[in-house]
Amino acid sequence: MDVGNIPFLSWLLAGLGAFLLGVGKSGIKGIAVFIVVLFVYAFGARTSTGIVMPLLIVGDIFAIVYYNKHANWSYVFRIIPWMLIGVVLATYGGTFFNEEAFTLSMALLILVTTGLMGYWEIRPLSQVPSHWSFAGSLGILAGFTTMIGNLAGAVINIYFLALRLPKNIFIGTTAYVFFLINVFKVPFHVWVWETIQWESLQISLYLIPVELLGLLFGVRWVKYIPDTNYRRLILILTGLGSLALFFK
């Protein structure tokens with residue numbers, strides 16, 4: 001990809017995507033699908049995954065530095081091994097899946113699960129899910145979707161919302177989850193899929209300043225959102241994001 005020949009509209013869409021990515025990494029969860037859609041429109045599905053990766057890691061580093069003291073490592077260790085399995089399955093088995101069918105089925109799954117989460121918000125469960133199969137199934141799905149299209153955000157949101165974590169612990173814990181999983185994905189993007197190359201890194205570098213603006217904006221915004229409203233905001237944005245997948 002020749003950086004000098006990228007259309008202005010592509011830069012505009014990617015800039016908006018980078019800004020929203022910064023907002024999302026600052027703690028405003030649930031907008032990951034919109035970011036993916038913007039980058040797909042800007043650079044195409046496969047190419048965009050490599051361009052987004054460095055931006056994700058920059059956002060993850062910011063989040064773990066800012067929310068470090070709020071992370072709960074027991075929850076990180078509970079889901080990370082399952083996500084690693086999902087990444088490997090997606091890397092070497094994703095080519096056998098029809099992308100359109102996979103995207104639609106994932107959107108339906110997220111919609112249904114978000115609906116259940118909304119119901120549990122109104123009528124809370126007597127106890128949070130603790131069986132290994134809950135973390136295992138959502139972890140593998142999150143790992144698979146994060147490798148295929150950086151779409152694990154909705155799945156991870158649902159998992160940690162079900163655990164009813166307070167706002168700052170939610171943000172700090174997910175920051176470490178995504179940092180570890182995104183670093184793990186880099187070699188597959190470089191040597192297996194070859195979606196991270198010098199040209200893609202140049203585009204990513206140009207977009208980092210816009211992402212940093214989004215991070216600063218999001219950090220200021222998230223402070224004013226109470227825990228209860230924060231959970232509801234994530235549910236609404238996750239549901240809208242899954243709807244956006246139908247038009248991806």
# chains A, B, ... in the order shown; residues from 1 in each chain; ligands from 1
$ residues_around --residues "Ser200 (chain A)" --least-positions-apart "6" --cutoff "10 Å" --atoms "only C-alpha atoms" --output "PyMOL selection string"
chain A and resi 1-3+47-54
$ residues_around --residues "Gly93 (chain A)" --least-positions-apart "5" --cutoff "10 Å" --atoms "only C-alpha atoms" --output "number ranges by chain"
A: 87-88, 144
$ write_last_selection --atoms "C-alpha atoms" --output "PDB file, in the first residue's frame"
ATOM      1  CA  VAL A  87      -6.315 -16.677  18.669  1.00  0.00           C
ATOM      2  CA  VAL A  88      -4.458 -19.784  17.499  1.00  0.00           C
ATOM      3  CA  PHE A 144     -11.162 -15.972  17.811  1.00  0.00           C
TER       4      PHE A 144
END
$ atom_distance --atom1 "CA of Phe134 (chain A)" --atom2 "CA of Leu163 (chain A)"
10.7 Å
$ closest_residue --among "A:Asn168, A:Gln197, A:Ile158, A:Gly15" --to "Ile225 (chain A)" --atoms "only C-alpha atoms"
A:Asn168
$ residues_around --residues "region 19-24 of chain A" --least-positions-apart "5" --cutoff "6 Å" --atoms "only C-alpha atoms" --output "list in words"
Lys29, Val210, Glu211, Gly214, Leu215 and Gly218 of chain A
$ closest_residue --among "A:Ile234, A:Trp193, A:Phe77, A:Gly115" --to "Leu180 (chain A)" --atoms "only C-alpha atoms"
A:Phe77
$ closest_residue --among "A:Ile236, A:Ala90, A:Leu151, A:Ile85" --to "Leu56 (chain A)" --atoms "only C-alpha atoms"
A:Leu151
$ residues_around --residues "Ile171 (chain A)" --least-positions-apart "6" --cutoff "12 Å" --atoms "only C-alpha atoms" --output "PyMOL selection string"
chain A and resi 24-30+60+62-72+76+153+156-157+160-161+165+177-178+219+222-223+227+230-231+234
$ select_by_dssp --residues "region 27-222 of chain A" --states "alpha helix (DSSP H)" --output "PyMOL selection string"
chain A and resi 32-43+45-66+73-93+99-122+132-149+152-162+167-187+198-222
$ atom_distance --atom1 "CA of Pro209 (chain A)" --atom2 "CA of Val192 (chain A)"
28.7 Å
$ closest_residue --among "A:Phe43, A:Tyr224, A:Trp132, A:Trp11" --to "Pro81 (chain A)" --atoms "only C-alpha atoms"
A:Trp132
